[in-house]
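Content type compact mmCIF, C-alpha atoms, from the file entry.txt:
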```txt
# COMPACT_ATOMS: atom_id res chain seq x y z
CA MET F 1 0.00 0.00 0.00
CA LEU F 2 2.80 2.40 0.96
CA GLN F 3 4.69 1.66 -2.25
CA LEU F 4 1.54 2.27 -4.30
CA TRP F 5 1.01 5.61 -2.52
CA PHE F 6 4.48 6.92 -3.38
CA THR F 7 4.22 5.80 -7.01
CA ARG F 8 1.36 8.27 -7.56
CA PRO F 9 2.25 11.78 -8.82
CA LEU F 10 2.69 14.28 -5.99
CA TRP F 11 -0.22 16.47 -7.09
CA GLN F 12 -2.58 13.48 -6.81
CA ARG F 13 -1.36 12.68 -3.31
CA VAL F 14 -1.78 16.33 -2.31
CA ALA F 15 -5.31 16.31 -3.79
CA VAL F 16 -6.18 13.29 -1.62
CA GLY F 17 -4.81 15.04 1.46
CA PHE F 18 -6.80 18.15 0.54
CA ALA F 19 -10.07 16.22 0.16
CA LEU F 20 -9.56 14.26 3.39
CA GLY F 21 -8.70 17.51 5.15
CA ILE F 22 -12.02 19.07 4.13
CA LEU F 23 -13.88 16.00 5.36
CA ALA F 24 -11.98 15.94 8.65
CA GLY F 25 -12.55 19.65 9.18
CA VAL F 26 -16.29 19.32 8.64
CA LEU F 27 -16.55 16.36 11.02
CA ALA F 28 -14.23 17.73 13.73
CA GLY F 29 -15.41 21.33 13.70
CA GLU F 30 -13.51 23.54 16.15
CA GLN F 31 -11.65 20.49 17.50
CA ALA F 32 -9.76 20.38 14.18
CA ALA F 33 -7.36 22.97 15.61
CA VAL F 34 -6.46 20.56 18.40
CA TRP F 35 -6.41 17.34 16.42
CA PHE F 36 -5.04 18.28 13.01
CA LYS F 37 -3.35 21.70 13.07
CA PRO F 38 -0.16 20.32 14.70
CA LEU F 39 0.40 18.21 11.57
CA GLY F 40 0.33 21.34 9.46
CA ASP F 41 2.52 23.28 11.90
CA ILE F 42 5.20 20.58 11.93
CA TYR F 43 5.17 20.47 8.15
CA LEU F 44 5.50 24.26 7.88
CA ASN F 45 8.40 24.22 10.34
CA LEU F 46 10.17 21.61 8.23
CA VAL F 47 9.69 23.69 5.08
CA ARG F 48 10.84 26.90 6.78
CA MET F 49 13.86 24.99 8.07
CA ILE F 50 15.16 24.51 4.53
CA VAL F 51 14.22 27.89 3.00
CA ILE F 52 17.30 29.86 4.08
CA PRO F 53 19.88 27.13 3.23
CA LEU F 54 18.09 26.65 -0.09
CA VAL F 55 18.20 30.37 -0.92
CA PHE F 56 21.83 30.82 0.15
CA PHE F 57 23.34 27.86 -1.67
CA THR F 58 21.23 28.07 -4.84
CA ILE F 59 21.51 31.85 -5.23
CA THR F 60 25.27 31.84 -4.61
CA SER F 61 25.78 29.03 -7.10
CA SER F 62 23.42 30.45 -9.73
CA VAL F 63 24.80 34.01 -9.61
CA ALA F 64 28.33 32.67 -10.07
CA ARG F 65 27.32 30.68 -13.16
CA LEU F 66 25.05 33.35 -14.63
CA ALA F 67 27.83 35.91 -14.19
CA GLU F 68 30.20 33.64 -16.08
CA ALA F 69 27.65 33.38 -18.87
CA GLY F 70 27.40 37.19 -18.94
CA ASN F 71 23.59 37.37 -18.90
CA VAL F 72 22.76 38.31 -15.31
CA ALA F 73 21.66 41.86 -16.14
CA ARG F 74 19.56 40.85 -19.16
CA LEU F 75 17.80 38.06 -17.31
CA GLY F 76 17.22 40.33 -14.31
CA LEU F 77 15.68 43.12 -16.41
CA ARG F 78 13.43 40.74 -18.34
CA THR F 79 12.29 39.16 -15.07
CA LEU F 80 11.44 42.54 -13.50
CA PHE F 81 9.62 43.61 -16.68
CA TRP F 82 7.29 40.61 -16.52
CA PHE F 83 6.83 41.06 -12.76
CA VAL F 84 5.56 44.60 -13.36
CA ALA F 85 3.60 43.79 -16.53
CA THR F 86 1.61 40.93 -15.01
CA SER F 87 0.97 42.94 -11.82
CA THR F 88 -0.44 45.78 -13.91
CA ILE F 89 -2.85 43.40 -15.61
CA ALA F 90 -3.74 41.92 -12.20
CA VAL F 91 -4.81 45.36 -10.90
CA LEU F 92 -7.09 45.84 -13.91
CA VAL F 93 -8.57 42.37 -13.34
CA GLY F 94 -9.19 43.23 -9.68
CA ILE F 95 -10.92 46.50 -10.52
CA ALA F 96 -13.05 44.82 -13.21
CA PHE F 97 -14.26 42.03 -10.93
CA GLY F 98 -14.77 44.46 -8.06
CA HIS F 99 -17.31 46.37 -10.16
CA LEU F 100 -18.75 43.26 -11.77
CA ILE F 101 -19.69 41.72 -8.42
CA ASP F 102 -20.04 44.89 -6.25
CA PRO F 103 -19.02 43.10 -3.02
CA GLY F 104 -19.71 46.05 -0.71
CA LEU F 105 -23.22 46.99 -1.83
CA GLY F 106 -26.17 46.13 0.40
CA LEU F 107 -24.06 45.36 3.47
CA SER F 108 -24.33 46.95 6.91
CA ASN F 109 -23.44 46.31 10.53
CA LEU F 110 -20.61 43.89 9.76
CA PRO F 111 -18.60 42.82 12.82
CA LEU F 112 -15.42 44.81 13.19
CA GLY F 113 -12.30 42.72 13.66
CA GLU F 114 -9.10 43.80 15.37
CA VAL F 115 -6.43 45.12 13.04
CA LYS F 116 -2.89 45.39 14.36
CA PRO F 117 -1.32 48.68 13.28
CA ARG F 118 1.55 48.26 10.86
CA THR F 119 4.28 50.72 10.02
CA ILE F 120 4.65 51.27 6.28
CA PRO F 121 8.31 51.81 5.39
CA THR F 122 9.36 54.50 2.96
CA PRO F 123 11.00 53.42 -0.33
CA LEU F 124 14.34 54.59 1.05
CA GLU F 125 13.90 52.50 4.20
CA VAL F 126 13.06 49.45 2.07
CA LEU F 127 16.15 50.02 -0.07
CA ILE F 128 18.38 50.35 2.98
CA GLY F 129 16.74 47.32 4.58
CA ILE F 130 17.76 45.06 1.69
CA VAL F 131 21.41 45.33 2.75
CA PRO F 132 22.03 43.23 5.89
CA THR F 133 24.21 44.57 8.68
CA ASN F 134 24.66 41.00 9.90
CA PRO F 135 24.13 38.21 7.33
CA ILE F 136 23.95 35.56 10.06
CA LYS F 137 21.19 37.48 11.84
CA ALA F 138 19.36 37.88 8.51
CA MET F 139 19.44 34.10 8.14
CA ALA F 140 18.26 33.57 11.72
CA ASP F 141 15.39 36.03 11.19
CA THR F 142 14.45 34.38 7.85
CA ASN F 143 14.87 37.71 6.08
CA VAL F 144 14.97 36.17 2.61
CA LEU F 145 15.53 39.45 0.77
CA GLN F 146 18.66 40.22 2.80
CA VAL F 147 19.92 36.65 2.42
CA LEU F 148 19.28 36.89 -1.32
CA PHE F 149 21.35 40.11 -1.50
CA PHE F 150 24.21 38.62 0.52
CA SER F 151 24.18 35.42 -1.54
CA GLY F 152 24.40 37.45 -4.74
CA ILE F 153 27.44 39.32 -3.42
CA VAL F 154 29.12 36.04 -2.44
CA GLY F 155 28.41 34.54 -5.87
CA ALA F 156 29.84 37.59 -7.65
CA ALA F 157 32.95 37.46 -5.44
CA LEU F 158 33.49 33.79 -6.31
CA VAL F 159 33.47 34.71 -10.01
CA SER F 160 35.87 37.59 -9.42
CA LEU F 161 38.39 35.39 -7.59
CA GLY F 162 38.26 32.64 -10.20
CA GLU F 163 40.39 29.56 -9.53
CA LYS F 164 41.47 30.89 -6.13
CA THR F 165 38.07 29.90 -4.77
CA ALA F 166 37.52 26.71 -6.77
CA GLY F 167 37.24 24.74 -3.53
CA ILE F 168 34.60 27.06 -2.10
CA ARG F 169 32.61 26.96 -5.35
CA GLY F 170 32.69 23.19 -5.21
CA PHE F 171 31.47 23.35 -1.62
CA VAL F 172 28.61 25.68 -2.62
CA ASP F 173 27.56 23.41 -5.48
CA GLN F 174 27.67 20.38 -3.18
CA GLY F 175 25.70 22.33 -0.57
CA ALA F 176 23.03 23.10 -3.16
CA ALA F 177 22.79 19.41 -4.09
CA LEU F 178 22.56 18.48 -0.39
CA VAL F 179 19.77 20.99 0.28
CA PHE F 180 17.86 19.82 -2.78
CA ARG F 181 18.01 16.26 -1.49
CA ILE F 182 16.61 17.34 1.89
CA THR F 183 13.99 19.40 0.07
CA ARG F 184 12.84 16.32 -1.84
CA TRP F 185 12.37 14.42 1.43
CA VAL F 186 10.43 17.24 3.09
CA LEU F 187 8.17 17.80 0.09
CA GLN F 188 7.09 14.16 0.19
CA LEU F 189 5.25 15.13 3.38
CA THR F 190 3.17 17.76 1.58
CA PRO F 191 -0.02 15.61 1.49
CA ILE F 192 0.12 15.21 5.29
CA GLY F 193 0.79 18.91 5.84
CA THR F 194 -2.01 19.83 3.46
CA PHE F 195 -4.41 17.54 5.30
CA GLY F 196 -3.64 19.17 8.65
CA LEU F 197 -3.81 22.76 7.41
CA ILE F 198 -7.01 22.37 5.38
CA ALA F 199 -8.75 20.45 8.20
CA TRP F 200 -7.89 23.31 10.56
CA VAL F 201 -9.13 26.05 8.21
CA VAL F 202 -12.41 24.25 7.44
CA GLY F 203 -13.01 23.43 11.11
CA ARG F 204 -12.22 26.95 12.27
CA TYR F 205 -14.28 28.96 9.81
CA GLY F 206 -17.18 26.79 8.70
CA LEU F 207 -19.77 28.00 6.22
CA SER F 208 -21.79 30.27 8.52
CA SER F 209 -18.90 32.63 9.25
CA LEU F 210 -18.23 33.15 5.52
CA LEU F 211 -21.77 33.97 4.38
CA PRO F 212 -21.86 37.72 5.31
CA LEU F 213 -18.79 38.39 3.15
CA GLY F 214 -19.62 35.80 0.52
CA LYS F 215 -19.64 38.31 -2.34
CA PHE F 216 -16.23 39.66 -1.34
CA ILE F 217 -14.79 36.13 -1.17
CA ALA F 218 -16.42 35.27 -4.52
CA ALA F 219 -14.99 38.41 -6.14
CA MET F 220 -11.49 37.51 -4.94
CA TYR F 221 -11.66 33.87 -6.00
CA LEU F 222 -13.16 34.58 -9.41
CA ALA F 223 -10.71 37.40 -10.14
CA CYS F 224 -7.73 35.25 -9.13
CA LEU F 225 -8.97 32.29 -11.18
CA PHE F 226 -9.51 34.55 -14.19
CA HIS F 227 -6.00 35.95 -13.82
CA ILE F 228 -4.46 32.49 -13.50
CA VAL F 229 -6.38 30.81 -16.31
CA VAL F 230 -6.99 33.60 -18.83
CA VAL F 231 -4.10 36.04 -18.29
CA TYR F 232 -1.36 33.56 -17.48
CA GLY F 233 -2.75 31.08 -19.99
CA GLY F 234 -2.83 33.79 -22.67
CA LEU F 235 0.80 34.74 -22.01
CA LEU F 236 1.83 31.11 -22.33
CA LYS F 237 -0.05 30.87 -25.64
CA LEU F 238 1.67 34.03 -26.91
CA HIS F 239 5.02 32.41 -26.13
CA GLY F 240 4.09 29.24 -27.99
CA LEU F 241 3.90 27.12 -24.85
CA LYS F 242 1.30 24.48 -23.98
CA VAL F 243 -1.02 25.91 -21.34
CA GLY F 244 -2.18 22.57 -19.94
CA ARG F 245 1.38 21.37 -19.58
CA PHE F 246 2.31 24.44 -17.51
CA PHE F 247 -0.55 23.96 -15.08
CA ARG F 248 0.13 20.24 -14.72
CA GLY F 249 3.74 21.03 -13.90
CA ALA F 250 2.97 23.93 -11.56
CA LEU F 251 0.05 22.21 -9.81
CA PRO F 252 2.00 20.86 -6.78
CA ALA F 253 3.25 24.38 -5.99
CA MET F 254 -0.23 25.83 -6.50
CA GLN F 255 -1.75 23.23 -4.16
CA MET F 256 0.89 23.85 -1.53
CA ALA F 257 0.43 27.62 -1.78
CA PHE F 258 -3.32 27.26 -1.28
CA ALA F 259 -2.84 25.09 1.80
CA THR F 260 -0.03 27.06 3.46
CA SER F 261 -0.96 30.64 2.44
CA SER F 262 2.77 31.39 2.27
CA SER F 263 4.95 32.09 -0.76
CA LEU F 264 8.10 31.49 1.28
CA ALA F 265 6.84 28.16 2.62
CA THR F 266 6.05 27.17 -0.98
CA LEU F 267 9.43 28.36 -2.28
CA PRO F 268 11.14 24.92 -2.22
CA MET F 269 8.23 23.40 -4.16
CA SER F 270 8.08 26.33 -6.59
CA LEU F 271 11.76 25.97 -7.35
CA ARG F 272 11.44 22.22 -7.79
CA VAL F 273 8.56 22.36 -10.28
CA ALA F 274 10.14 25.23 -12.23
CA VAL F 275 13.30 23.18 -12.79
CA GLU F 276 12.13 19.57 -12.88
CA LYS F 277 8.65 19.89 -14.41
CA LEU F 278 8.81 23.06 -16.52
CA GLY F 279 12.36 23.03 -17.84
CA VAL F 280 13.69 26.31 -16.42
CA PRO F 281 17.48 26.18 -15.97
CA GLN F 282 18.26 25.75 -12.30
CA SER F 283 20.87 28.51 -12.36
CA TYR F 284 18.23 31.02 -13.51
CA ALA F 285 15.31 29.55 -11.53
CA SER F 286 17.38 29.71 -8.34
CA PHE F 287 17.65 33.46 -8.86
CA ALA F 288 14.20 34.30 -10.23
CA VAL F 289 11.91 32.15 -8.06
CA PRO F 290 13.25 33.35 -4.65
CA LEU F 291 13.16 36.93 -5.93
CA GLY F 292 9.55 36.43 -7.03
CA ALA F 293 8.63 34.96 -3.64
CA ASN F 294 9.51 38.36 -2.16
CA VAL F 295 8.33 40.88 -4.75
CA LYS F 296 5.92 39.10 -7.15
CA MET F 297 2.50 39.39 -5.50
CA ASP F 298 -0.28 39.50 -8.10
CA GLY F 299 -2.79 38.17 -5.57
CA CYS F 300 -1.77 39.96 -2.35
CA GLY F 301 -0.31 43.09 -3.89
CA ALA F 302 -2.53 43.78 -6.91
CA ILE F 303 -5.91 41.97 -7.09
CA TYR F 304 -6.62 42.07 -3.34
CA PRO F 305 -5.99 45.81 -2.76
CA ALA F 306 -8.05 46.69 -5.85
CA ILE F 307 -11.11 44.62 -4.84
CA ALA F 308 -10.81 45.50 -1.15
CA SER F 309 -10.63 49.23 -1.99
CA ILE F 310 -13.84 48.97 -4.05
CA PHE F 311 -15.49 46.93 -1.27
CA ILE F 312 -14.62 49.51 1.39
CA ALA F 313 -15.69 52.43 -0.80
CA GLN F 314 -19.03 50.74 -1.49
CA TYR F 315 -19.56 49.78 2.15
CA PHE F 316 -19.05 53.38 3.28
CA GLY F 317 -21.09 54.77 0.37
CA LEU F 318 -18.17 56.54 -1.32
CA ASP F 319 -17.79 57.08 -5.07
CA LEU F 320 -14.30 56.48 -6.39
CA THR F 321 -12.95 59.07 -8.82
CA LEU F 322 -10.73 58.39 -11.82
CA THR F 323 -7.79 59.85 -9.88
CA GLN F 324 -8.39 57.39 -7.05
CA TYR F 325 -8.47 54.47 -9.49
CA VAL F 326 -5.14 55.60 -10.95
CA LEU F 327 -3.67 55.89 -7.45
CA ILE F 328 -4.96 52.43 -6.53
CA GLY F 329 -3.38 51.00 -9.68
CA LEU F 330 0.00 52.70 -9.23
CA THR F 331 0.17 51.83 -5.54
CA ALA F 332 -0.76 48.21 -6.16
CA VAL F 333 1.79 47.75 -8.96
CA LEU F 334 4.72 49.50 -7.30
CA GLY F 335 3.79 48.84 -3.69
CA SER F 336 4.57 45.12 -3.74
CA LEU F 337 8.10 45.98 -4.87
CA GLY F 338 8.34 48.68 -2.21
CA THR F 339 7.15 46.46 0.65
CA ALA F 340 9.29 43.45 -0.27
CA GLY F 341 10.37 41.55 2.80
CA VAL F 342 7.87 43.30 5.08
CA PRO F 343 5.80 40.84 7.21
CA GLY F 344 2.06 40.77 6.54
CA THR F 345 2.33 41.97 2.93
CA SER F 346 -1.40 41.89 2.18
CA ILE F 347 -2.40 44.11 5.11
CA VAL F 348 0.55 46.44 4.50
CA MET F 349 -0.39 46.69 0.82
CA LEU F 350 -4.04 47.35 1.60
CA THR F 351 -3.13 49.98 4.21
CA LEU F 352 -0.82 51.67 1.72
CA THR F 353 -3.46 51.58 -1.04
CA LEU F 354 -6.27 52.92 1.14
CA SER F 355 -4.06 55.69 2.52
CA THR F 356 -2.97 56.76 -0.95
CA ALA F 357 -6.53 56.73 -2.31
CA GLY F 358 -7.93 58.55 0.73
CA LEU F 359 -10.25 55.71 1.83
CA PRO F 360 -11.08 54.90 5.48
CA LEU F 361 -8.52 52.57 7.03
CA GLU F 362 -11.04 51.23 9.54
CA GLY F 363 -12.59 49.34 6.63
CA ILE F 364 -9.81 46.78 6.94
CA GLY F 365 -11.39 45.60 10.17
CA TYR F 366 -14.50 44.41 8.33
CA ILE F 367 -12.63 41.93 6.13
CA VAL F 368 -9.80 40.85 8.41
CA ALA F 369 -11.96 38.10 9.96
CA ILE F 370 -11.97 36.08 6.73
CA ASP F 371 -8.42 36.99 5.74
CA ARG F 372 -7.11 33.42 5.95
CA VAL F 373 -9.79 32.11 3.58
CA VAL F 374 -9.02 34.85 1.06
CA ASP F 375 -5.28 34.49 1.61
CA MET F 376 -5.32 30.92 0.33
CA MET F 377 -6.39 32.03 -3.14
CA ARG F 378 -4.23 35.16 -3.04
CA THR F 379 -1.14 33.10 -2.31
CA MET F 380 -1.94 30.53 -4.99
CA THR F 381 -2.11 33.39 -7.49
CA ASN F 382 1.17 34.81 -6.22
CA VAL F 383 2.99 31.49 -6.52
CA THR F 384 1.58 30.70 -9.97
CA GLY F 385 2.97 34.02 -11.19
CA GLN F 386 6.29 33.37 -9.46
CA VAL F 387 6.63 30.14 -11.45
CA LEU F 388 5.21 31.56 -14.69
CA VAL F 389 7.62 34.48 -15.13
CA PRO F 390 10.82 32.36 -15.11
CA VAL F 391 9.19 30.08 -17.71
CA LEU F 392 8.39 33.04 -19.98
CA VAL F 393 11.85 34.59 -19.61
CA ALA F 394 13.60 31.25 -20.16
CA LYS F 395 11.55 30.78 -23.34
CA GLU F 396 12.42 34.28 -24.59
CA GLU F 397 16.11 33.72 -23.84
CA GLY F 398 16.14 30.34 -25.60
CA VAL F 399 17.28 28.44 -22.49
CA LEU F 400 14.00 26.67 -21.65
CA ASP F 401 14.40 22.90 -21.87
CA GLN F 402 11.44 22.23 -24.16
CA ALA F 403 11.69 18.47 -23.73
CA VAL F 404 11.24 18.78 -19.96
CA TYR F 405 8.44 21.33 -20.37
CA ASP F 406 6.57 19.14 -22.84
CA GLY F 407 7.04 16.09 -20.65
CA THR F 408 9.08 14.21 -23.24
CA ILE F 409 11.65 13.46 -20.55
CA GLU F 410 10.98 13.37 -16.79
CA THR F 411 14.07 15.26 -15.62
CA ARG F 412 16.64 17.46 -17.26
CA ALA F 413 19.88 15.98 -18.55
CA PRO F 414 22.89 17.96 -17.27
CA ALA F 415 24.68 17.63 -20.59
CA ARG F 416 22.02 19.77 -22.29
CA GLU F 417 22.23 22.49 -19.64
CA THR F 418 23.02 25.95 -20.94
CA VAL F 419 23.40 27.87 -17.69
CA LEU F 420 22.41 25.13 -15.28
CA VAL F 421 23.75 23.33 -12.26
CA ALA F 422 22.07 19.94 -12.05
CA ALA F 423 19.93 19.59 -8.93
CA GLU F 424 21.29 16.15 -8.27
```

Will you turn the file into C-alpha cells for me?
Amino acid sequence: MLQLWFTRPLWQRVAVGFALGILAGVLAGEQAAVWFKPLGDIYLNLVRMIVIPLVFFTITSSVARLAEAGNVARLGLRTLFWFVATSTIAVLVGIAFGHLIDPGLGLSNLPLGEVKPRTIPTPLEVLIGIVPTNPIKAMADTNVLQVLFFSGIVGAALVSLGEKTAGIRGFVDQGAALVFRITRWVLQLTPIGTFGLIAWVVGRYGLSSLLPLGKFIAAMYLACLFHIVVVYGGLLKLHGLKVGRFFRGALPAMQMAFATSSSLATLPMSLRVAVEKLGVPQSYASFAVPLGANVKMDGCGAIYPAIASIFIAQYFGLDLTLTQYVLIGLTAVLGSLGTAGVPGTSIVMLTLTLSTAGLPLEGIGYIVAIDRVVDMMRTMTNVTGQVLVPVLVAKEEGVLDQAVYDGTIETRAPARETVLVAAE
C-alpha cells in the first residue's frame, strides 16, 4: 500500500490530502485545531527549516554561473519587466471584478475585527533594509531578501576570484545538491501537511462565518482564477507554450500555496517544479523564483488591494474618482516591490493603497476576519505568477528545456544544460 502511494504523482497525493482535510474539518469542527493543526505546523516548520539554506546555496551558485555566462543583467531586467507587466494586468482584473460583483453593496453592521497597526516603510527605508548589517542574523530572522542580496554578493565574489576559490565553489555546489536532497524528502510530506492545514481552516471557519462576506470572497476567488487561467494562460499561448502542460507542472506548488498561504513556505516546491517539471534552468530559476517569492505578489499586492478598496468604498457609500483608481493602480503595482520583505504583505499593501486613495482605514477591520480564507487564493495566485515568469523569460532567452516542459523526458539531462547546475 505504501509503495503504491508513493508511485502516484505528488499532485494526486496532495489532492487526496486536501479532500480528506475538508472531510476531517467538517466532522471535527472547532476540534480540528487541536487534532489536526499540529500536523500542518510541523510540516510548515520543516519547510521553513530549509528555506534559508536553499536560498543561500542556490543563489550563490546560480549568480556565479550566470555571471560567467554574462547574462545576469539581461535576465534580471526581463524578469522585472514581466513582474511589473503581469501585476499591472492583475490590478485591472481586480478593478473589473470588483465592479462586476459589487461586493460592498447592500451590506451593513458587519462585525469589526481587530487590526494590528503596521508601520509602512518609505521606499528609502526598504532600499536600505535590503542590505544586511549582519548576514547571520538575517538568516536567523528568515529575512529572505537580505539573504538573497548577501548570496548574490558572495556569488559575484566567487566569479571575481576565479580559480582561487575553486574549492569554495565546489562546496557551494555540493551544498546546493545536499539541500535539494533534503527538500525532496520534506516535500514528500506535503499531502500530510495539506491535510492538517485544510482540516484546521475548514473546522475553524465553517460555512456560517463566511456567508456575510460571501460576495467579497467570490470576487477575490473569481478574479484570481480569471488571472491564473486567462491572463497567465494567454501569455503562455503568446510564447508558444502548452497551457495545460504548464498547469500540470505547476500544480503541486499551487496546491501547496493554497494550503499554506505562504509564498516562502512554498518556495522549495516552486523551485522544484520550475526546474524539474517546466524546464527552467536551475541557475536562472534559483535566482528568479526566490526573488519572485519576495516581490511578485499578483494576488496579495494587486488583485486584493483593488477589490478591497472597491469593497470599502461601497460599504461606506463613497464614489471612487478616476484619480483614485489611478492611485490604486500605481500603488498596487509599485507597492509590492516597495514592501518586499515586510511581514504581513497583504495588510501592508491594503493599508498603503487605502491611505494613498484617501479611503477609510477602519474598513480593513470588516474583512480581516476572513483573511485566511481569502489568503489561500491570493497566495496561490502569487505562486503561480512566481513560477510563470521564469518560464516566460527562459523561453524568450532560448534556455528553456522544451523536452522537460513538454514532458518528453521526466528530468533534465545535465549535458544539455546551458546555464544550469544539475539539482542532483

Six-sided padding of 4 Å per side, axis-aligned box over segment 318-334 of chain F, centre and edges in Å, one decimal, as AutoDock Vina command-line options:
```
--center_x -6.7 --center_y 53.8 --center_z -6.6 --size_x 30.9 --size_y 20.1 --size_z 18.5
```

For Leu271 of chain F, work out the shell of residues within 7 Å, counting only C-alpha atoms and skipping chain neighbours fewer than 2 positions away, then give it as a ChimeraX atom specification. /F:267-269,273-275,285-286,289

At most 10 Å from (-0.9, 25.8, -18.3), file frame, all atoms listed in the file: which residues, as number ranges by chain? F: 228-230, 232-237, 241-251, 384, 388

Requested write-out: C-alpha atoms of the selected residues, as a compact mmCIF listing (two decimals), keeping the file's coordinate frame:
```txt
# COMPACT_ATOMS: atom_id res chain seq x y z
CA ILE F 228 -4.46 32.49 -13.50
CA VAL F 229 -6.38 30.81 -16.31
CA VAL F 230 -6.99 33.60 -18.83
CA TYR F 232 -1.36 33.56 -17.48
CA GLY F 233 -2.75 31.08 -19.99
CA GLY F 234 -2.83 33.79 -22.67
CA LEU F 235 0.80 34.74 -22.01
CA LEU F 236 1.83 31.11 -22.33
CA LYS F 237 -0.05 30.87 -25.64
CA LEU F 241 3.90 27.12 -24.85
CA LYS F 242 1.30 24.48 -23.98
CA VAL F 243 -1.02 25.91 -21.34
CA GLY F 244 -2.18 22.57 -19.94
CA ARG F 245 1.38 21.37 -19.58
CA PHE F 246 2.31 24.44 -17.51
CA PHE F 247 -0.55 23.96 -15.08
CA ARG F 248 0.13 20.24 -14.72
CA GLY F 249 3.74 21.03 -13.90
CA ALA F 250 2.97 23.93 -11.56
CA LEU F 251 0.05 22.21 -9.81
CA THR F 384 1.58 30.70 -9.97
CA LEU F 388 5.21 31.56 -14.69
```

Just want the 8 Å neighbourhood of segment 255-261 of chain F, counted on all atoms listed in the file, with same-chain residues fewer than 2 positions away dropped. Output as a ChimeraX atom specification. /F:11,14-15,44,190,194,197-198,251-253,263,265-266,269,372,375-380,383

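Comparing F:Ala199, F:Ile370, F:Val186, F:Ile347 by their smallest distance to Leu20 of chain F, the closest is F:Ala199 (using only C-alpha atoms).
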
In Å, with one decimal, what is the gap from atom CA of Thr353 of chain F to atom CA of Phe316 of chain F? 16.3 Å

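Reported to one decimal place, the separation of atom CA of Leu178 of chain F from atom CA of Asp141 of chain F is 22.2 Å.
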
Could segment 193-207 of chain F be written out with N, CA and C atoms, as a compact mmCIF listing (two decimals), in the first residue's frame, please?
```txt
# COMPACT_ATOMS: atom_id res chain seq x y z
N GLY F 193 0.89 17.51 5.43
CA GLY F 193 0.79 18.91 5.84
C GLY F 193 -0.46 19.57 5.31
N THR F 194 -0.80 19.28 4.05
CA THR F 194 -2.01 19.83 3.46
C THR F 194 -3.25 19.36 4.20
N PHE F 195 -3.28 18.09 4.54
CA PHE F 195 -4.41 17.54 5.30
C PHE F 195 -4.61 18.31 6.61
N GLY F 196 -3.54 18.49 7.37
CA GLY F 196 -3.64 19.17 8.65
C GLY F 196 -4.06 20.61 8.53
N LEU F 197 -3.50 21.33 7.57
CA LEU F 197 -3.81 22.76 7.41
C LEU F 197 -5.23 22.98 6.92
N ILE F 198 -5.66 22.19 5.93
CA ILE F 198 -7.01 22.37 5.38
C ILE F 198 -8.06 21.95 6.41
N ALA F 199 -7.80 20.88 7.16
CA ALA F 199 -8.75 20.45 8.20
C ALA F 199 -8.93 21.56 9.23
N TRP F 200 -7.82 22.21 9.59
CA TRP F 200 -7.89 23.31 10.56
C TRP F 200 -8.69 24.49 10.04
N VAL F 201 -8.42 24.89 8.79
CA VAL F 201 -9.13 26.05 8.21
C VAL F 201 -10.63 25.77 8.10
N VAL F 202 -11.00 24.59 7.60
CA VAL F 202 -12.41 24.25 7.44
C VAL F 202 -13.10 24.17 8.81
N GLY F 203 -12.42 23.55 9.78
CA GLY F 203 -13.01 23.43 11.11
C GLY F 203 -13.14 24.77 11.81
N ARG F 204 -12.20 25.65 11.58
CA ARG F 204 -12.22 26.95 12.27
C ARG F 204 -13.28 27.88 11.73
N TYR F 205 -13.39 27.97 10.41
CA TYR F 205 -14.28 28.96 9.81
C TYR F 205 -15.70 28.43 9.61
N GLY F 206 -15.84 27.29 8.99
CA GLY F 206 -17.18 26.79 8.70
C GLY F 206 -17.89 27.69 7.70
N LEU F 207 -19.04 27.26 7.25
CA LEU F 207 -19.77 28.00 6.22
C LEU F 207 -20.46 29.24 6.77
```
